[in-house]
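Undergrad: Quick one: the structure is below, and I'll ask about it shortly.
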There are 2 protein chains.
Amino acid sequence: MRVFNFAAGPATLPLEVLQQAREELLDWQGSGMSVMEVSHRGKAFIACAEAAEGELRKLLAVPANYKILFLQGGGTGQFSAVPLNISTPESTVDYINTGSWSKKALGEAKKYAKVNVAADEAASSYTTVPEQSALKLTPNAAYVHYTPNETIGGVEFPYIPNTGNVPLVADMSSTILSRPFDVSKFGVIYASAQKNIGPSGLAVVIVRDDLLGKARPITPSILNYTEMAETQSMSNTPPTFGWYLSGLVFRHIAGNGGVAHIAKQNEAKAKKLYDAIDSSGFYKNPVAKNCRSWMNVPFTLAKPELDKTFLAEAKAAGLVNLEGHRSVGGMRASIYNAMPPAGVDALIAFMKEFQRRHG
Amino acid sequence: MRVFNFAAGPATLPLEVLQQAREELLDWQGSGMSVMEVSHRGKAFIACAEAAEGELRKLLAVPANYKILFLQGGGTGQFSAVPLNISTPESTVDYINTGSWSKKALGEAKKYAKVNVAADEAASSYTTVPEQSALKLTPNAAYVHYTPNETIGGVEFPYIPNTGNVPLVADMSSTILSRPFDVSKFGVIYASAQKNIGPSGLAVVIVRDDLLGKARPITPSILNYTEMAETQSMSNTPPTFGWYLSGLVFRHIAGNGGVAHIAKQNEAKAKKLYDAIDSSGFYKNPVAKNCRSWMNVPFTLAKPELDKTFLAEAKAAGLVNLEGHRSVGGMRASIYNAMPPAGVDALIAFMKEFQRRHG
């Protein structure tokens, strides 16, 4: 029996995608081989890879002057790749710190450039985002980096920072494809796959053409945007299965109304869950209302001594992976694209019933 | 219908492994989730990851003073990782050049250290390996790197170079698990997964303890051996599906007599194919007899104008991906662990029949 899986990533995938992958796992497109067994340089896989890229380009309306790369190393690889590709050792690079993932990104960047923290939400324990006017941006910074959605804190920017002529870089790992946005406002967008795209082991990078050609000589080939853009992400063997499965996910989104439709569904799922939490008098979400994430909903119980009981009873009810991140505790429901509204409804019903019995 | 797939990588996988993966693709270990959907930090996946590591450690008799890492970035990622982790910018590093992959490895190393080419088989068009006495090793080099098996040229070292106290580093991508060998002779062993291990997107690294703790400050986290060893390869989200599937492959090898048994089978498969080529008077393998690969068998036809016909007829007979690498042309049969003896027999029978009709 399939459960409702609220894991933060690797996370639940669309059932139809898994079913198709299973169906063709031993014989892909009548080849007599698994998609895992075919050459990445063969016609069949190249067509599959290009179709995935094209589908993503359409879903996000990616302008023609942006390249889409399919790389290894996840988001953490990109923490290094961004400064290596678009800054110099003398550069100042601006980072907006809104929580755990921003902090990891800027920590890695310190290996390669001078990091200016343009804002730090420590004062609110990372339950807020800074306003545009509060950003202390460096004139002529090599770029400004931010994390539109903090997977652990459940904090999501309600706006896209305006950085003028300085390229804006975003770690969209846990928000990409959750709603439409204007790609042209960004220099680099990257996302690890294992939330809204596909299995772990893949990072999707969307990079504006004019930022290519600037990689430092010490950039490892696997993280070199220029080299990867010139070779359609195949300067080395790409993670073919992940790329293939991501293509299935993109097609699944396209076939279900696209990003605009899924955004409405995501907004409704999130609203329902936050409303249930806020009106309960038992559950609590700590995040400021203007920047609550559509994707990751952390919450606490009025009686933390019931945490283990909550998790055990939820699991018995087919609602799994609700424990909060080890760094913060409490609960967290990650409700990515692939979490059906019925899963959120079931969670809310369970929470109400749990409160009735234990509240 | 399954075909016999002679691709060089991504390559054929054991049928039983694919069958098991298919069976549990939607419900892994009764969890109600795919293995792709579970957290890498959950108990179930950690047990799966540790079991895979333990199985590989047993298969290769890896001594206790070696760490086994499961990383992203494939072999190409390791081309950067090796110099970044175990040399300094002032180091001289020795590279033995026996073909395409050695050359790529040393090209990447030039970004990070002074490369001394300790031997270069250009004179034989890379159809030979240097003898031990011909190696021009640098006293106090940071390490010596070589490629025990050249996937494109089909050249395999019949011996392990003796480098004294200088750590020996080997790119075993296309030979690992094909035969037993003495791990203790090496400082670092690495292998991309997509030949004898599992799907692409994974690199297995076996590193001697005393070489940890030396990574340069500029080493990207995803390539940092020390950091990865300290976190059981989970300082970031690993490629969980590839790791899981590799574990199935390891267990499959263990359940079929282990590496010693598979080595006998590999030796027999290779001998049969080389004998058929040598005795044909029509097919030809260019590699010196003392260093012919057990895994990758390149060959040419006496009439190269028949190449396309050969490939088309082979495909029609269920023998696929026999074209040689685009850089060398001709044919290549990759006969990794997962290629059953019946596949080699079928290829030989086809080659004889083709020669009879066209020779």
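We label chains A, B, ... in the order they appear in the structure tokens, count residues from 1 in each chain, and number ligands from 1 in the order shown.
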Which polymer residues have any atom within 7 Å of an atom of Ser91 of chain B, counting only C-alpha atoms, with same-chain residues fewer than 6 positions away left out, as a PyMOL selection string?
TA: chain B and resi 113-114+141-142
Undergrad: Just C-alpha atoms for this one: save the residues we selected as a short mmCIF file (atom, residue, chain, number, x, y, z; two decimals), in the first residue's frame.
TA:
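What ended up in result-v6.cif:
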```
data_model
loop_
_atom_site.label_atom_id
_atom_site.label_comp_id
_atom_site.auth_asym_id
_atom_site.auth_seq_id
_atom_site.Cartn_x
_atom_site.Cartn_y
_atom_site.Cartn_z
CA ALA B 113 49.64 20.29 -9.87
CA LYS B 114 52.80 19.73 -11.90
CA ALA B 141 55.84 12.56 -6.24
CA ALA B 142 52.55 13.19 -4.43
#
```
Undergrad: Could you list, as a ChimeraX atom specification, the residues of chain B having an atom within 7 Å of chain A when counting only C-alpha atoms?
TA: /B:1-3,7,9-13,18,22,25-26,32-33,36-39,72-73,76-77,80,111-112,199-201,217-218,220,222,236-240
Undergrad: When you look at Glu150 of chain B with a cut-off of 7 Å (counting only C-alpha atoms), what residues show up, excluding the ones that are within fewer than 4 positions of it in the same chain? I need them as an NGL selection string.
TA: :B and (99 or 101 or 154-156)
Undergrad: Using only C-alpha atoms, which residues sit within 7 Å of Asn337 of chain A once same-chain residues fewer than 3 positions away are excluded, as a PyMOL selection string?
TA: chain A and resi 178+196+262+266
Undergrad: Please identify all polymer residues within 12 Å of Glu313 of chain B, counting only C-alpha atoms, omitting same-chain residues fewer than 5 positions from it, and present them as a list of chain:residue names.
TA: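 Returned residues: B:Leu306, B:Asp307, B:Lys308, B:Gly318, B:Leu319, B:Val320, B:Asn321, B:Leu322, B:Leu347, B:Phe350, B:Met351, B:Glu353, B:Phe354, B:Gln355, B:Arg357, B:His358.
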Undergrad: Quick check, in Å to one decimal: how far apart do atom CA of Gly107 of chain B and atom CA of Val188 of chain A lie?
TA: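 Interatomic distance here is 27.9 Å.
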Undergrad: Give me, as a PyMOL selection string, all polymer residues having an atom no more than 12 Å from Leu273 of chain B, counting only C-alpha atoms and skipping those fewer than 6 positions away in the same chain.
TA: chain B and resi 266-267+279-280+283-285+292-299+332-335+341-352
Undergrad: When DSSP is applied to the backbone of this structure, which of segment 217-353 of chain A are assigned helix (DSSP H, G or I)? Write them out as a PyMOL selection string.
TA: chain A and resi 221-223+225-230+240-254+258-278+289-291+304-316+341-353
Undergrad: Using only C-alpha atoms, which of B:Tyr126, B:Trp28, B:Phe70, B:Phe45 sits nearest Asn97 of chain B?
TA: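 Closest to Asn97 of chain B, using only C-alpha atoms: B:Tyr126.
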Undergrad: Need the shell around segment 131-140 of chain A: protein/DNA/RNA residues with any atom at most 12 Å away, counting only C-alpha atoms. Skip same-chain ones fewer than 5 positions apart. Format as a PDB file with N, CA and C atoms, in the first residue's frame?
TA:
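Result file part_16.pdb:
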```
ATOM      1  N   SER A  87      32.645  34.205 -10.407  1.00  0.00           N
ATOM      2  CA  SER A  87      33.351  35.212  -9.612  1.00  0.00           C
ATOM      3  C   SER A  87      34.847  34.962  -9.705  1.00  0.00           C
ATOM      4  N   GLU A  90      39.096  37.755  -6.137  1.00  0.00           N
ATOM      5  CA  GLU A  90      39.044  39.133  -5.627  1.00  0.00           C
ATOM      6  C   GLU A  90      37.614  39.644  -5.494  1.00  0.00           C
ATOM      7  N   SER A  91      36.660  38.899  -6.032  1.00  0.00           N
ATOM      8  CA  SER A  91      35.270  39.354  -6.034  1.00  0.00           C
ATOM      9  C   SER A  91      34.680  39.442  -4.637  1.00  0.00           C
ATOM     10  N   THR A  92      33.767  40.377  -4.470  1.00  0.00           N
ATOM     11  CA  THR A  92      32.838  40.308  -3.339  1.00  0.00           C
ATOM     12  C   THR A  92      31.544  39.696  -3.863  1.00  0.00           C
ATOM     13  N   VAL A  93      31.020  38.758  -3.097  1.00  0.00           N
ATOM     14  CA  VAL A  93      29.769  38.106  -3.480  1.00  0.00           C
ATOM     15  C   VAL A  93      28.792  38.283  -2.317  1.00  0.00           C
ATOM     16  N   ASP A  94      27.561  38.665  -2.637  1.00  0.00           N
ATOM     17  CA  ASP A  94      26.553  38.950  -1.599  1.00  0.00           C
ATOM     18  C   ASP A  94      25.690  37.722  -1.332  1.00  0.00           C
ATOM     19  N   TYR A  95      25.494  37.408  -0.058  1.00  0.00           N
ATOM     20  CA  TYR A  95      24.615  36.289   0.310  1.00  0.00           C
ATOM     21  C   TYR A  95      23.558  36.774   1.291  1.00  0.00           C
ATOM     22  N   ILE A  96      22.319  36.425   1.025  1.00  0.00           N
ATOM     23  CA  ILE A  96      21.218  36.712   1.950  1.00  0.00           C
ATOM     24  C   ILE A  96      21.012  35.461   2.794  1.00  0.00           C
ATOM     25  N   ASN A  97      21.149  35.602   4.102  1.00  0.00           N
ATOM     26  CA  ASN A  97      21.077  34.436   4.987  1.00  0.00           C
ATOM     27  C   ASN A  97      19.701  34.340   5.650  1.00  0.00           C
ATOM     28  N   THR A  98      18.909  33.389   5.165  1.00  0.00           N
ATOM     29  CA  THR A  98      17.575  33.191   5.744  1.00  0.00           C
ATOM     30  C   THR A  98      17.430  31.812   6.382  1.00  0.00           C
ATOM     31  N   LYS A 114      35.186  36.736  -1.469  1.00  0.00           N
ATOM     32  CA  LYS A 114      34.875  37.517  -0.260  1.00  0.00           C
ATOM     33  C   LYS A 114      33.364  37.592  -0.115  1.00  0.00           C
ATOM     34  N   VAL A 115      32.875  37.007   0.967  1.00  0.00           N
ATOM     35  CA  VAL A 115      31.421  36.941   1.138  1.00  0.00           C
ATOM     36  C   VAL A 115      30.940  38.124   1.969  1.00  0.00           C
ATOM     37  N   ASN A 116      29.999  38.879   1.417  1.00  0.00           N
ATOM     38  CA  ASN A 116      29.283  39.884   2.200  1.00  0.00           C
ATOM     39  C   ASN A 116      27.892  39.353   2.522  1.00  0.00           C
ATOM     40  N   VAL A 117      27.554  39.331   3.803  1.00  0.00           N
ATOM     41  CA  VAL A 117      26.204  38.893   4.171  1.00  0.00           C
ATOM     42  C   VAL A 117      25.277  40.099   4.061  1.00  0.00           C
ATOM     43  N   ALA A 118      24.448  40.079   3.033  1.00  0.00           N
ATOM     44  CA  ALA A 118      23.622  41.245   2.705  1.00  0.00           C
ATOM     45  C   ALA A 118      22.431  41.383   3.638  1.00  0.00           C
ATOM     46  N   ALA A 119      22.109  40.299   4.312  1.00  0.00           N
ATOM     47  CA  ALA A 119      21.043  40.321   5.326  1.00  0.00           C
ATOM     48  C   ALA A 119      21.145  39.014   6.091  1.00  0.00           C
ATOM     49  N   ASP A 120      20.786  39.040   7.363  1.00  0.00           N
ATOM     50  CA  ASP A 120      20.844  37.826   8.177  1.00  0.00           C
ATOM     51  C   ASP A 120      19.653  37.857   9.124  1.00  0.00           C
ATOM     52  N   GLU A 121      18.808  36.879   9.038  1.00  0.00           N
ATOM     53  CA  GLU A 121      17.562  36.876   9.799  1.00  0.00           C
ATOM     54  C   GLU A 121      17.701  36.193  11.159  1.00  0.00           C
ATOM     55  N   HIS A 145      23.351  36.032  -3.973  1.00  0.00           N
ATOM     56  CA  HIS A 145      22.785  34.681  -3.832  1.00  0.00           C
ATOM     57  C   HIS A 145      21.704  34.673  -2.758  1.00  0.00           C
ATOM     58  N   TYR A 146      20.601  34.011  -3.046  1.00  0.00           N
ATOM     59  CA  TYR A 146      19.606  33.817  -1.991  1.00  0.00           C
ATOM     60  C   TYR A 146      18.918  32.471  -2.152  1.00  0.00           C
ATOM     61  N   PHE A 157      10.490  33.331   0.229  1.00  0.00           N
ATOM     62  CA  PHE A 157      10.421  34.739  -0.183  1.00  0.00           C
ATOM     63  C   PHE A 157       9.114  35.009  -0.935  1.00  0.00           C
ATOM     64  N   PRO A 158       8.395  36.074  -0.537  1.00  0.00           N
ATOM     65  CA  PRO A 158       7.189  36.436  -1.294  1.00  0.00           C
ATOM     66  C   PRO A 158       7.522  37.354  -2.466  1.00  0.00           C
ATOM     67  N   TYR A 159       8.800  37.640  -2.661  1.00  0.00           N
ATOM     68  CA  TYR A 159       9.184  38.540  -3.764  1.00  0.00           C
ATOM     69  C   TYR A 159      10.558  38.124  -4.295  1.00  0.00           C
ATOM     70  N   ILE A 160      10.877  38.580  -5.477  1.00  0.00           N
ATOM     71  CA  ILE A 160      12.205  38.341  -6.048  1.00  0.00           C
ATOM     72  C   ILE A 160      13.049  39.587  -5.812  1.00  0.00           C
ATOM     73  N   PRO A 161      14.176  39.453  -5.105  1.00  0.00           N
ATOM     74  CA  PRO A 161      14.997  40.633  -4.832  1.00  0.00           C
ATOM     75  C   PRO A 161      15.420  41.343  -6.122  1.00  0.00           C
ATOM     76  N   ASN A 162      15.445  42.649  -6.053  1.00  0.00           N
ATOM     77  CA  ASN A 162      15.925  43.450  -7.175  1.00  0.00           C
ATOM     78  C   ASN A 162      17.399  43.766  -6.925  1.00  0.00           C
ATOM     79  N   THR A 163      18.248  43.266  -7.820  1.00  0.00           N
ATOM     80  CA  THR A 163      19.686  43.466  -7.617  1.00  0.00           C
ATOM     81  C   THR A 163      20.294  44.308  -8.728  1.00  0.00           C
ATOM     82  N   GLY A 164      19.456  45.026  -9.445  1.00  0.00           N
ATOM     83  CA  GLY A 164      19.950  45.905 -10.506  1.00  0.00           C
ATOM     84  C   GLY A 164      20.722  45.121 -11.547  1.00  0.00           C
ATOM     85  N   ASN A 165      21.936  45.575 -11.830  1.00  0.00           N
ATOM     86  CA  ASN A 165      22.732  44.903 -12.861  1.00  0.00           C
ATOM     87  C   ASN A 165      23.551  43.732 -12.319  1.00  0.00           C
ATOM     88  N   VAL A 166      23.498  43.522 -11.021  1.00  0.00           N
ATOM     89  CA  VAL A 166      24.261  42.416 -10.439  1.00  0.00           C
ATOM     90  C   VAL A 166      23.451  41.118 -10.615  1.00  0.00           C
ATOM     91  N   PRO A 167      24.085  40.058 -11.163  1.00  0.00           N
ATOM     92  CA  PRO A 167      23.329  38.821 -11.407  1.00  0.00           C
ATOM     93  C   PRO A 167      22.761  38.241 -10.111  1.00  0.00           C
ATOM     94  N   LEU A 168      21.502  37.848 -10.176  1.00  0.00           N
ATOM     95  CA  LEU A 168      20.832  37.228  -9.038  1.00  0.00           C
ATOM     96  C   LEU A 168      20.938  35.712  -9.192  1.00  0.00           C
ATOM     97  N   ASN A 290       3.775  36.379   6.138  1.00  0.00           N
ATOM     98  CA  ASN A 290       4.036  36.836   4.761  1.00  0.00           C
ATOM     99  C   ASN A 290       5.063  35.971   4.033  1.00  0.00           C
ATOM    100  N   CYS A 291       5.713  35.053   4.754  1.00  0.00           N
ATOM    101  CA  CYS A 291       6.769  34.284   4.083  1.00  0.00           C
ATOM    102  C   CYS A 291       6.714  32.799   4.464  1.00  0.00           C
TER     103      CYS A 291
END
```
Undergrad: Which distance in Å separates atom CA of Ala61 of chain A and atom CA of Ser184 of chain A, to one decimal?
TA: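 About the pair atom CA of Ala61 of chain A and atom CA of Ser184 of chain A: they are 9.4 Å apart.
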Undergrad: May I ask which of the residues A:Met339, A:Ala193, A:Ile206, A:Met331 is the closest one to Ile68 of chain A, counting only C-alpha atoms?
TA: A:Ile206
Undergrad: Could you work out how far atom CA of Val249 of chain A lies from atom CA of Val17 of chain A, giving the answer in Å with one decimal?
TA: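 Between these atoms lies a distance of 6.3 Å.
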